[in-house]
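Here is the structure we will look at.
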Amino acid sequence: VACTGTEYCSLALVETKARTARLLRWLRDNVDLPDDVEQLKLHFSGCTADCGHANTADIGLLGMRARKDGEMVEAVDIGVGGGMGEDPSFVEYVRQRVPADEAPGAIRNLVEGFAERRESGQTFREWADSTDSETLAELCEPEETNYADASLTDAKQSWYPFADEGTTAAEPEVVSSDD
């Protein structure tokens with residue numbers, strides 16, 4: 001789930017729709033979930049208004065800004081363990097202001113930690129609730145990846161205000177409806 005992000009919202013700090021689509025494709029190709037895990041809910045909100053309901057997801061991303069190599073970049077706070085239902089709860093934020101290009105690696109590291117350390121049949125939320133904050137933060141170590149981010153352009157593939165001067169819009173890739 002993702003809010004509309006900077007493409008249509010003046011409150012958003014990050015582009016969420018195109019970034020989420022690319023992130024989910026990258027995770028699908030680079031992270032293996034245990035066979036008995038049927039779902040892992042990832043929600044992305046472009047700002048603290050939380051229109052993407054990041055606070056009630058297994059993994060919630062909340063748009064922020066951060067400095068990386070002296071430059072202001074899009075970033076996310078990463079939270080884990082939220083959910084709805086019989087025992088609703090908000091996520092616990094384990095990493096703050098992770099540069100957006102390092103978030104996929106952080107999520108991969110977290111999910112791989114879940115796969116290695118969980119008890120059989122344990123959901124992500126159950127695992128996150130039973131794991132201490134320090135361990136979750138360590139497992140969610142940000143890491144640059146080969147994640148090719150389409151967010152230097154907005155979801156319409158037009159100019160993006162935070163792109164380097166002279167950068168042109170990305171060539172849209174042809175994708176199937178299965179992507």
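Chain identifiers are assigned as A, B, and so on, following the order in which chains appear in the structure tokens; residues are numbered from 1 within each chain, and ligands are numbered from 1 in order of appearance.
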Pick out each residue of chain A that DSSP on the backbone tags as strand (DSSP E or B); I need them as a ChimeraX atom specification. /A:2,42-45,59-68,71-80,83,89,92-99
Do a neighbour search on A:Asp35 at 10 Å with only C-alpha atoms, toss out local chain neighbours closer than 2 positions, and write the hits as a PyMOL selection string.
-> chain A and resi 32-33+37-38+115+121
Which residues are close to stretch 57-69 of chain A, i.e. within 6 Å by only C-alpha atoms, leaving aside same-chain residues fewer than 4 positions away? Reply as a PyMOL selection string. chain A and resi 13-14+41-47+73-83+97+125
Tell me which protein, DNA and RNA residues are within 9 Å of stretch 136-139 of chain A, counting only C-alpha atoms, leaving out same-chain ones fewer than 5 positions away, and put them as an mmCIF file with C-alpha atoms, in the first residue's frame.
```cif
data_model
loop_
_atom_site.group_PDB
_atom_site.id
_atom_site.type_symbol
_atom_site.label_atom_id
_atom_site.label_comp_id
_atom_site.auth_asym_id
_atom_site.auth_seq_id
_atom_site.Cartn_x
_atom_site.Cartn_y
_atom_site.Cartn_z
ATOM 1 C CA VAL A 80 8.003 -3.109 12.142
ATOM 2 C CA TYR A 93 10.309 2.436 14.349
ATOM 3 C CA VAL A 94 13.668 0.673 14.387
ATOM 4 C CA ARG A 95 15.538 2.842 11.847
ATOM 5 C CA ALA A 106 17.623 -2.690 4.991
ATOM 6 C CA ILE A 107 14.298 -4.402 4.280
ATOM 7 C CA ASN A 109 18.334 -7.719 5.712
ATOM 8 C CA LEU A 110 15.328 -7.532 8.044
ATOM 9 C CA VAL A 111 13.285 -10.108 6.120
ATOM 10 C CA GLU A 112 16.261 -12.469 5.867
ATOM 11 C CA GLY A 113 16.722 -12.127 9.642
ATOM 12 C CA PHE A 114 13.047 -12.982 10.080
ATOM 13 C CA ALA A 128 8.717 -8.730 15.528
ATOM 14 C CA THR A 131 12.231 -9.794 19.157
#
```
I need the helix (DSSP H, G or I) residues of stretch 16-153 of chain A per DSSP on the backbone, written as a ChimeraX atom specification.
/A:17-30,54-56,100-117,124-130,133-139,150-152
Using only C-alpha atoms, the shortest atom-to-atom distance to A:Asp87 among A:Thr135, A:Asn146, A:Thr56, A:Thr6 belongs to A:Thr56
**Asked** Between A:Glu15, A:Asp29, A:Glu143, A:Asp36, which one has atoms that come closest to A:Glu102, using only C-alpha atoms?
**Response**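 Result for the nearest residue to A:Glu102: A:Glu143.
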So how far away is atom CA of A:Trp26 from atom CA of A:Ser10, in Å?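 It comes out at 27.6 Å.
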As a check of understanding: the span from atom CA of A:Ala2 to atom CA of A:Glu141 is 22.6 Å
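You can rank A:Thr48, A:Thr145, A:Gln122, A:Ser133 by their closest distance to A:Leu23 using only C-alpha atoms, and at the top of that list sits A:Thr145.
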